[in-house]
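File shown: my_file17.txt (compact mmCIF, C-alpha atoms).
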```txt
# COMPACT_ATOMS: atom_id res chain seq x y z
CA MET A 1 18.76 57.35 55.41
CA PRO A 2 17.44 58.20 58.93
CA GLU A 3 16.74 61.82 59.82
CA ARG A 4 19.34 63.56 61.94
CA PRO A 5 18.31 64.24 65.57
CA ASP A 6 18.50 68.01 65.06
CA ALA A 7 16.13 67.76 62.09
CA LEU A 8 13.69 65.73 64.19
CA GLN A 9 13.91 68.30 66.97
CA ARG A 10 13.22 71.12 64.53
CA LEU A 11 10.17 69.24 63.27
CA ARG A 12 8.94 68.66 66.82
CA ASN A 13 9.48 72.34 67.64
CA ALA A 14 7.47 73.31 64.57
CA HIS A 15 4.61 71.03 65.66
CA GLU A 16 4.70 72.47 69.17
CA THR A 17 4.68 76.02 67.80
CA ALA A 18 1.65 75.17 65.66
CA VAL A 19 -0.25 73.76 68.65
CA LEU A 20 0.55 76.76 70.86
CA GLY A 21 -0.30 79.17 68.06
CA GLU A 22 -3.73 77.61 67.62
CA LEU A 23 -4.39 77.78 71.36
CA ARG A 24 -3.42 81.47 71.35
CA ARG A 25 -5.82 82.18 68.50
CA SER A 26 -8.75 80.00 69.54
CA GLY A 27 -8.56 79.55 73.30
CA ALA A 28 -9.32 76.22 74.98
CA LEU A 29 -9.71 73.28 72.58
CA SER A 30 -10.20 69.56 72.90
CA ARG A 31 -7.55 67.22 71.58
CA GLY A 32 -9.87 66.29 68.72
CA GLU A 33 -10.32 69.93 67.75
CA LEU A 34 -6.57 70.46 67.88
CA ILE A 35 -6.01 67.48 65.58
CA ARG A 36 -8.47 68.91 63.04
CA ARG A 37 -7.15 72.44 63.20
CA VAL A 38 -3.40 71.76 63.29
CA GLY A 39 -3.42 68.74 60.98
CA LEU A 40 -1.22 66.47 63.08
CA SER A 41 -1.74 62.75 63.57
CA ARG A 42 -3.38 61.59 66.77
CA THR A 43 -0.15 60.03 68.00
CA THR A 44 1.92 63.16 67.32
CA LEU A 45 -0.66 65.54 68.79
CA PHE A 46 -1.06 63.49 71.97
CA ALA A 47 2.72 63.32 72.42
CA ILE A 48 3.07 67.10 71.97
CA VAL A 49 0.22 67.83 74.39
CA SER A 50 1.58 65.36 76.95
CA ASP A 51 4.97 67.10 76.89
CA LEU A 52 3.38 70.57 77.17
CA LEU A 53 1.30 69.40 80.14
CA GLN A 54 4.36 68.00 81.86
CA ARG A 55 6.20 71.31 81.39
CA GLU A 56 3.11 73.23 82.63
CA THR A 57 2.98 75.26 79.43
CA VAL A 58 -0.64 74.16 79.05
CA VAL A 59 -3.22 72.86 81.48
CA GLU A 60 -6.21 70.57 81.16
CA GLN A 61 -9.71 71.67 82.16
CA HIS A 62 -13.22 70.25 82.03
CA ALA A 63 -15.58 71.77 79.48
CA ALA A 64 -18.62 71.27 81.73
CA GLU A 65 -19.79 74.86 81.37
CA ARG A 66 -20.39 74.35 77.67
CA GLN A 67 -21.69 70.81 77.80
CA ARG A 68 -25.28 70.17 78.92
CA GLY A 69 -25.41 66.50 78.03
CA ARG A 70 -24.97 63.53 80.32
CA GLY A 71 -21.87 61.55 81.00
CA ARG A 72 -18.36 62.58 81.82
CA PRO A 73 -17.63 66.11 80.53
CA PRO A 74 -14.92 66.33 77.87
CA THR A 75 -11.58 67.93 78.66
CA GLU A 76 -9.95 70.80 76.87
CA ILE A 77 -6.38 72.00 76.58
CA THR A 78 -5.66 75.64 77.30
CA LEU A 79 -2.56 77.75 77.81
CA ASN A 80 -1.43 77.93 81.42
CA PRO A 81 -2.17 81.53 82.48
CA ARG A 82 0.43 81.29 85.26
CA GLY A 83 3.15 79.48 83.35
CA ALA A 84 6.27 81.61 82.83
CA GLU A 85 7.50 81.00 79.29
CA LEU A 86 9.62 84.15 78.87
CA ILE A 87 11.33 86.52 81.31
CA GLY A 88 12.41 90.01 80.29
CA ILE A 89 14.97 91.81 82.46
CA GLU A 90 16.56 95.23 82.38
CA ILE A 91 19.43 96.08 84.70
CA GLN A 92 20.21 99.78 85.00
CA ARG A 93 22.85 101.47 87.13
CA SER A 94 20.80 101.37 90.33
CA ARG A 95 17.60 99.47 89.60
CA MET A 96 16.16 96.59 87.65
CA HIS A 97 12.89 95.83 85.91
CA VAL A 98 11.51 92.31 85.46
CA VAL A 99 8.49 91.17 83.45
CA VAL A 100 7.22 87.61 83.01
CA ALA A 101 5.16 86.46 80.00
CA ASN A 102 3.20 83.22 79.67
CA ALA A 103 2.70 81.08 76.58
CA ALA A 104 -0.23 83.27 75.53
CA HIS A 105 2.26 86.19 75.42
CA GLU A 106 0.43 87.85 78.29
CA ILE A 107 2.38 89.57 81.05
CA VAL A 108 1.58 87.71 84.29
CA GLY A 109 3.87 89.65 86.58
CA GLY A 110 6.27 92.55 86.76
CA LEU A 111 8.33 94.44 89.29
CA ARG A 112 10.87 97.21 89.70
CA GLU A 113 13.47 97.00 92.46
CA PRO A 114 16.66 98.84 93.43
CA ILE A 115 20.01 97.21 92.86
CA PRO A 116 23.34 98.33 94.38
CA ALA A 117 25.10 100.67 91.95
CA ASP A 118 28.46 98.99 92.66
CA ALA A 119 27.19 95.40 92.32
CA GLY A 120 29.40 93.14 90.24
CA PRO A 121 28.01 90.80 87.57
CA GLU A 122 27.57 87.85 89.91
CA LYS A 123 25.76 90.00 92.50
CA GLN A 124 23.53 91.43 89.78
CA ALA A 125 22.59 87.93 88.64
CA GLU A 126 21.86 86.93 92.24
CA ALA A 127 19.64 89.99 92.71
CA VAL A 128 17.66 89.11 89.59
CA VAL A 129 17.24 85.50 90.73
CA ALA A 130 15.91 86.71 94.10
CA ALA A 131 13.53 89.15 92.40
CA VAL A 132 12.15 86.46 90.09
CA ASP A 133 11.70 84.14 93.06
CA ASP A 134 9.76 86.84 94.93
CA LEU A 135 7.60 87.42 91.86
CA ARG A 136 7.02 83.68 91.47
CA ARG A 137 5.74 83.36 95.03
CA GLU A 138 3.68 86.56 94.97
CA ARG A 139 1.97 85.81 91.65
CA ARG A 140 1.98 81.99 91.99
CA ILE A 141 3.88 81.66 88.74
CA ALA A 142 5.19 78.31 87.50
CA LEU A 143 8.72 78.44 86.09
CA ALA A 144 8.63 74.94 84.58
CA PRO A 145 7.60 76.18 81.09
CA LEU A 146 10.46 78.72 80.92
CA LYS A 147 12.06 78.81 77.45
CA GLY A 148 14.35 81.80 77.59
CA ILE A 149 15.45 85.01 79.30
CA GLY A 150 15.96 88.34 77.58
CA LEU A 151 18.46 90.65 79.30
CA GLY A 152 19.04 94.35 78.72
CA LEU A 153 22.18 96.02 80.09
CA PRO A 154 23.56 99.56 79.81
CA GLY A 155 26.51 100.35 77.58
CA PHE A 156 28.20 97.86 75.29
CA VAL A 157 26.84 94.33 75.46
CA ARG A 158 28.59 93.00 72.38
CA ASP A 159 32.36 93.38 72.57
CA PRO A 160 33.31 96.03 69.96
CA ALA A 161 36.93 94.86 70.05
CA SER A 162 35.99 91.35 68.92
CA ALA A 163 35.65 90.22 65.33
CA ASP A 164 32.93 87.81 66.49
CA PRO A 165 29.58 89.68 66.55
CA ARG A 166 28.30 87.16 69.14
CA ALA A 167 31.08 87.86 71.64
CA MET A 168 29.78 89.63 74.73
CA THR A 169 31.70 92.02 76.93
CA PRO A 170 33.09 90.24 80.00
CA PHE A 171 30.60 91.93 82.37
CA ALA A 172 27.57 91.07 80.23
CA ALA A 173 28.82 87.50 79.72
CA ARG A 174 29.16 86.96 83.48
CA VAL A 175 25.67 88.28 84.25
CA ALA A 176 24.18 86.12 81.49
CA ALA A 177 26.15 83.07 82.67
CA GLY A 178 24.84 83.52 86.22
CA LEU A 179 21.23 83.60 85.00
CA GLU A 180 21.68 80.73 82.56
CA GLY A 181 23.34 78.60 85.22
CA HIS A 182 20.47 79.13 87.66
CA PHE A 183 17.48 78.88 85.33
CA GLY A 184 18.92 76.43 82.79
CA VAL A 185 17.59 78.28 79.72
CA PRO A 186 19.24 80.41 77.02
CA VAL A 187 19.86 84.08 77.88
CA VAL A 188 19.72 86.60 75.01
CA THR A 189 21.32 89.99 75.68
CA ASP A 190 21.31 93.45 74.14
CA ASN A 191 21.73 97.10 75.09
CA ASN A 192 18.81 98.24 77.26
CA ALA A 193 17.99 101.42 75.33
CA ARG A 194 18.00 99.45 72.09
CA LEU A 195 15.54 96.97 73.61
CA ALA A 196 13.31 99.87 74.68
CA ALA A 197 13.26 101.03 71.07
CA LEU A 198 12.21 97.53 70.00
CA ALA A 199 9.38 97.60 72.55
CA GLU A 200 8.15 100.99 71.32
CA VAL A 201 7.79 99.78 67.71
CA THR A 202 6.20 96.52 68.87
CA TRP A 203 3.63 97.81 71.38
CA GLY A 204 4.29 101.46 72.13
CA ALA A 205 4.22 104.95 70.65
CA ALA A 206 5.87 103.80 67.40
CA ARG A 207 3.65 100.76 66.85
CA GLY A 208 2.85 100.36 63.17
CA HIS A 209 5.99 102.19 62.06
CA ASP A 210 9.12 100.69 60.54
CA ASN A 211 11.54 103.56 61.12
CA LEU A 212 12.23 104.99 64.56
CA VAL A 213 14.77 107.09 66.42
CA TYR A 214 14.46 106.46 70.17
CA LEU A 215 16.08 108.61 72.86
CA ARG A 216 16.28 107.62 76.52
CA TRP A 217 16.95 110.74 78.59
CA SER A 218 17.45 110.22 82.32
CA ASP A 219 20.46 109.75 84.63
CA GLY A 220 22.24 108.67 81.46
CA VAL A 221 21.43 109.22 77.80
CA GLY A 222 21.06 106.34 75.36
CA GLY A 223 19.13 105.45 72.28
CA GLY A 224 18.11 102.98 69.65
CA LEU A 225 17.40 102.91 65.92
CA VAL A 226 14.88 100.86 63.98
CA ILE A 227 15.27 101.09 60.20
CA ASP A 228 13.04 99.28 57.72
CA GLY A 229 11.57 97.29 60.59
CA ARG A 230 14.90 95.98 61.87
CA LEU A 231 16.65 96.84 65.12
CA VAL A 232 20.04 98.30 64.18
CA ARG A 233 23.05 97.01 66.11
CA GLY A 234 25.85 98.00 63.74
CA ALA A 235 29.06 96.22 62.79
CA HIS A 236 30.42 96.33 66.35
CA GLY A 237 27.27 96.43 68.47
CA ALA A 238 27.55 100.17 69.09
CA ALA A 239 24.67 101.54 66.99
CA GLY A 240 22.23 103.92 68.66
CA GLU A 241 24.64 105.42 71.21
CA ILE A 242 22.99 108.82 70.82
CA GLY A 243 24.27 110.03 74.17
CA HIS A 244 27.84 109.82 72.88
CA THR A 245 27.36 112.22 70.01
CA SER A 246 30.06 114.85 70.50
CA CYS A 247 28.51 118.30 70.77
CA ASP A 248 31.73 120.14 71.70
CA VAL A 249 35.13 118.75 70.76
CA GLN A 250 36.71 121.05 73.36
CA GLY A 251 34.23 119.95 76.02
CA PRO A 252 34.88 117.84 79.11
CA PRO A 253 36.10 114.25 78.66
CA CYS A 254 33.46 111.52 78.67
CA HIS A 255 33.74 107.99 80.06
CA CYS A 256 33.36 106.73 76.47
CA GLY A 257 36.77 108.26 75.64
CA GLY A 258 35.35 111.18 73.65
CA ARG A 259 34.82 114.82 74.62
CA GLY A 260 31.78 117.02 74.99
CA CYS A 261 29.24 114.20 74.60
CA LEU A 262 25.51 114.90 74.68
CA GLU A 263 25.10 112.70 77.77
CA GLY A 264 27.53 114.80 79.80
CA VAL A 265 25.59 117.97 78.98
CA ILE A 266 21.93 116.94 79.30
CA ARG A 267 21.81 113.99 81.71
CA LEU A 268 19.81 114.77 84.84
CA PRO A 269 22.74 115.14 87.29
CA ALA A 270 24.32 117.68 84.89
CA LEU A 271 21.07 119.65 84.75
CA LEU A 272 20.83 119.76 88.54
CA ALA A 273 24.43 121.00 88.73
CA ARG A 274 23.75 123.71 86.13
CA CYS A 275 20.76 124.98 88.04
CA ASP A 276 22.91 125.18 91.17
CA GLU A 277 25.59 127.12 89.27
CA ARG A 278 22.95 129.68 88.29
CA GLY A 279 21.75 130.19 91.84
CA THR A 280 18.82 127.79 92.11
CA ALA A 281 19.50 124.76 94.29
CA VAL A 282 17.49 121.72 93.16
CA ARG A 283 17.57 118.61 95.33
CA ASP A 284 16.46 115.95 92.87
CA THR A 285 14.68 115.20 89.63
CA ASP A 286 11.21 115.44 91.14
CA GLU A 287 11.92 118.98 92.32
CA LEU A 288 13.46 119.87 88.96
CA LEU A 289 10.28 118.88 87.13
CA SER A 290 8.05 120.50 89.73
CA LEU A 291 9.92 123.82 89.51
CA ALA A 292 9.82 123.68 85.73
CA ALA A 293 6.08 123.04 85.73
CA GLY A 294 5.69 125.94 88.19
CA GLY A 295 7.51 128.34 85.89
CA ASP A 296 10.86 128.77 87.69
CA PRO A 297 12.92 130.84 85.19
CA VAL A 298 16.31 129.28 85.94
CA VAL A 299 15.07 125.69 85.75
CA ARG A 300 13.04 126.38 82.62
CA ALA A 301 16.06 128.00 80.94
CA VAL A 302 18.33 125.05 81.80
CA LEU A 303 15.80 122.54 80.47
CA SER A 304 15.15 124.61 77.36
CA GLU A 305 18.87 124.73 76.52
CA ALA A 306 19.13 120.96 77.04
CA ALA A 307 16.07 120.36 74.84
CA VAL A 308 17.56 122.52 72.08
CA LEU A 309 20.78 120.50 72.14
CA ALA A 310 18.90 117.18 72.22
CA GLY A 311 16.69 118.42 69.37
CA ARG A 312 19.70 119.32 67.23
CA VAL A 313 21.22 115.86 67.67
CA LEU A 314 17.88 114.22 66.89
CA ALA A 315 17.41 116.46 63.86
CA ALA A 316 20.78 115.30 62.51
CA LEU A 317 19.82 111.68 63.10
CA ALA A 318 16.50 112.27 61.37
CA ALA A 319 18.37 113.63 58.36
CA HIS A 320 20.55 110.51 58.31
CA THR A 321 17.92 107.84 58.93
CA ASP A 322 14.63 109.43 57.70
CA PRO A 323 12.41 108.05 60.50
CA GLU A 324 8.64 108.15 60.65
CA CYS A 325 8.79 109.03 64.32
CA ILE A 326 11.06 110.04 67.19
CA VAL A 327 10.17 108.76 70.66
CA ILE A 328 11.67 110.29 73.81
CA ASP A 329 11.59 108.44 77.12
CA GLY A 330 12.63 109.71 80.53
CA GLU A 331 11.70 112.38 83.04
CA PRO A 332 12.23 115.52 80.91
CA ALA A 333 9.87 114.14 78.25
CA ALA A 334 7.00 114.50 80.75
CA LEU A 335 7.18 118.28 80.15
CA ASP A 336 5.29 119.58 77.13
CA GLU A 337 7.77 122.46 76.79
CA VAL A 338 10.65 120.04 76.30
CA LEU A 339 8.85 118.10 73.58
CA THR A 340 7.78 121.33 71.87
CA THR A 341 11.39 122.54 71.76
CA VAL A 342 12.63 119.25 70.35
CA ARG A 343 9.89 119.28 67.71
CA GLU A 344 10.88 122.77 66.64
CA GLN A 345 14.52 121.76 66.23
CA VAL A 346 13.57 118.73 64.14
CA ARG A 347 11.16 120.78 62.06
CA THR A 348 13.65 123.54 61.25
CA LEU A 349 16.93 121.61 61.04
CA SER A 350 16.18 118.17 59.58
CA LEU A 351 15.94 118.66 55.81
CA PRO A 352 13.34 121.44 56.12
CA ALA A 353 12.81 121.53 52.36
CA ALA A 354 11.84 117.85 52.25
CA PRO A 355 8.05 117.21 52.10
CA ARG A 356 7.84 114.68 54.93
CA ASP A 357 6.19 114.29 58.34
CA ILE A 358 8.13 113.11 61.39
CA THR A 359 6.20 112.66 64.62
CA VAL A 360 7.94 113.50 67.87
CA GLY A 361 6.43 112.29 71.15
CA ARG A 362 6.99 110.67 74.49
CA SER A 363 7.19 106.97 75.23
CA ALA A 364 3.92 105.12 75.67
CA LEU A 365 5.56 102.42 77.81
CA GLY A 366 7.71 104.17 80.39
CA GLY A 367 10.28 102.50 82.60
CA ASP A 368 9.41 98.90 81.81
CA ALA A 369 10.00 99.38 78.07
CA ALA A 370 13.43 97.71 77.97
CA ALA A 371 12.23 94.69 79.98
CA ARG A 372 9.32 94.31 77.56
CA GLY A 373 11.76 94.78 74.69
CA ALA A 374 13.78 91.88 76.10
CA VAL A 375 10.65 89.73 75.80
CA ALA A 376 10.15 90.98 72.23
CA LEU A 377 13.76 90.03 71.47
CA LEU A 378 13.05 86.50 72.67
CA LEU A 379 9.88 86.27 70.60
CA HIS A 380 11.74 87.39 67.49
CA SER A 381 14.58 84.95 68.18
CA PHE A 382 12.04 82.12 68.54
CA GLY A 383 10.21 83.25 65.39
CA GLU A 384 6.98 83.93 67.30
CA ASP A 385 4.38 86.67 67.03
CA ALA A 386 4.76 89.53 69.50
CA GLU A 387 1.49 91.27 68.74
CA GLY A 388 -0.53 89.81 71.60
CA LEU A 389 1.69 90.85 74.49
CA MET A 390 -0.26 92.96 76.95
CA PRO A 391 1.14 95.81 79.09
CA PRO A 392 2.69 94.64 82.37
CA PRO A 393 1.37 95.70 85.79
CA VAL A 394 4.52 97.52 86.92
CA PRO A 395 5.12 101.16 87.87
CA ARG A 396 5.81 103.64 85.12
CA PHE A 397 9.21 105.28 84.85
CA ALA A 398 8.18 108.92 85.15
CA PRO A 399 4.84 109.87 86.70
CA PRO A 400 3.01 112.74 85.03
CA VAL A 401 4.18 116.13 86.17
CA PRO A 402 1.61 118.67 87.37
CA GLY A 403 0.69 120.80 84.41
CA SER A 404 1.83 118.29 81.81
CA ALA A 405 -0.33 116.28 79.47
CA GLY A 406 1.05 112.90 80.53
CA PRO A 407 2.09 110.18 78.06
CA ALA A 408 0.21 111.36 75.00
CA ALA A 409 0.52 110.12 71.46
CA PRO A 410 3.18 111.71 69.26
CA VAL A 411 2.33 114.99 67.58
CA ALA A 412 3.11 115.39 63.90
CA VAL A 413 5.99 117.64 62.85
CA GLU A 414 5.56 118.73 59.28
CA GLY A 415 9.06 119.01 57.92
CA GLY A 416 9.29 121.34 54.93
CA ARG A 417 6.04 123.13 55.75
CA ALA A 418 7.25 125.80 58.14
```
Would you kindly transcribe this structure into structure tokens?
Amino acid sequence: MPERPDALQRLRNAHETAVLGELRRSGALSRGELIRRVGLSRTTLFAIVSDLLQRETVVEQHAAERQRGRGRPPTEITLNPRGAELIGIEIQRSRMHVVVANAAHEIVGGLREPIPADAGPEKQAEAVVAAVDDLRRERRIALAPLKGIGLGLPGFVRDPASADPRAMTPFAARVAAGLEGHFGVPVVTDNNARLAALAEVTWGAARGHDNLVYLRWSDGVGGGLVIDGRLVRGAHGAAGEIGHTSCDVQGPPCHCGGRGCLEGVIRLPALLARCDERGTAVRDTDELLSLAAGGDPVVRAVLSEAAVLAGRVLAALAAHTDPECIVIDGEPAALDEVLTTVREQVRTLSLPAAPRDITVGRSALGGDAAARGAVALLLHSFGEDAEGLMPPPVPRFAPPVPGSAGPAAPVAVEGGRA
């Protein structure tokens, strides 16, 4: 009985993955060396290599530098350093981040650009297409090898009202459809803060850990959970919405439908407004952090109160999920005083009698974390190794604040040893 076409395609994909994996491990190799190392027949190997060359995933080069003998120098196959295999995208409320990875899982380009806050899904997709095109020209990147696009969006990406866990919200579906229609490759989507959490355990401050609570604290407040090495999405795609933990049931209404949510209390616009209410006008986030670093009593008090509240919510989550580490990303995390306050809350409120250590620290990746997490999501969906991906050359989310230590490694909190 002949093999079904899908079975043949799976076999071909497995052979291609083996060839690319060997090139990642060993660098440039001749076709003969690839045959010996991968164990494919000459006919199969040559067909795989021919297809990869046509798609610009690999390139051919002469091995003259290593060959001193006479005659025509042999050729070697190597991964195309400028071939875009994966694109990771994060769209926030007013900006986007894009990173491009080649077949070697190296970042070959990255950018951060503003995007209109009121842009609809089609306009957002168009803005991303234009940004990728600019990046392609600037970095001389080939898009022919492109296999997939990872997309991070704020809020719900999976429709919580649907019984189908694959059903996207209408907005997310329209953005993804715009990208898929232009690039002609699958688009995988998830919540942006959740993708940032995935990036932190893959390459960032939580690398080497299997259990993480991640908090993104900026103009909005989001989060992500990794438990036993798996990114947690929940039954309805709503897991990790830390910003919508209700801290005051009599508090102001939130856009999520609840009341007194953490986001409404500690997000940056709310902190600026609170400073103004107490007699200190603060123009923007940069001034807020500068005044805090300079010792302004009103600003420091406002940030301290916010850090206490954030710490209490994180302490409760730590009691529920028992993480090895808590990573905080966003502008307030650049201040040592904020991290110290959060650590103290976790230390004293999260099962203080339990003999365990939970590290609390700032993100090691910054603003491009979710875009990198979108690449990690693609790698996991393709069953490929994410370990080799290098940091992208894009601006960090929050520059170090004068008087702060910058993006340091997490500091251990010894729960139960107060």
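Rounded to one decimal, atom CA of Arg274 of chain A and atom CA of Pro297 of chain A lie 13.0 Å from each other.
Proximity to Asp357 of chain A was assessed for A:Cys325, A:Ala369, A:Val298, A:Val201 counting all atoms listed in the file; the smallest distance is recorded for A:Cys325.
Proximity ranking of A:Ala238, A:Ala177, A:Val129, A:Ala47 relative to His15 of chain A places A:Ala47 first, based on only C-alpha atoms.
Near segment 240-244 of chain A, within 8 Å and counting only C-alpha atoms, sit Arg194, Leu215, Gly220, Val221, Gly222, Gly223, Gly224, Leu225, Val232, Arg233, Cys256, Gly258, Cys261, Leu262, Glu263 and Val313 of chain A; same-chain residues fewer than 6 positions away were not included.
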Thr280 of chain A: which residues within 12 Å, counting all atoms listed in the file, same-chain residues fewer than 3 positions away excluded, as a PyMOL selection string?
chain A and resi 271-277+283+287-288+291-292+296-302
Take atom CA of Gly229 of chain A and atom CA of Thr359 of chain A and report the distance between them in Å, one decimal.
16.8 Å
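Atom CA of Ile227 of chain A is positioned 15.9 Å from atom CA of Ala315 of chain A.
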Could you give me, as an NGL selection string, the residues within 7 Å of segment 78-90 of chain A, counting all atoms listed in the file and dropping anything in the same chain fewer than 4 positions from it?
:A and (23 or 27-29 or 56-60 or 96-104 or 108 or 140-143 or 145-153 or 192 or 370-372 or 374-375)
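Around Gly311 of chain A, within 9 Å and counting all atoms listed in the file, the residues found are Ala306, Ala316, Leu339, Thr341, Val342, Arg343, Glu344, Gln345, Val346 and Leu349 of chain A, once anything fewer than 5 positions away on its own chain is removed.
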Got a sec: who's within 9 Å of Arg42 of chain A, counting all atoms listed in the file, leaving out chain neighbours fewer than 5 positions off, as a list in words?
Arg31, Gly32, Ile35 and Ala47 of chain A
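Proximity of A:Arg10, A:Arg158, A:Arg95, A:Arg25 to Gly367 of chain A, computed with only C-alpha atoms, is greatest for A:Arg95.
Nearest to Gly237 of chain A of all the residues A:Asp164, A:Asp159, A:His182, A:His209 is A:Asp159, counting only C-alpha atoms.
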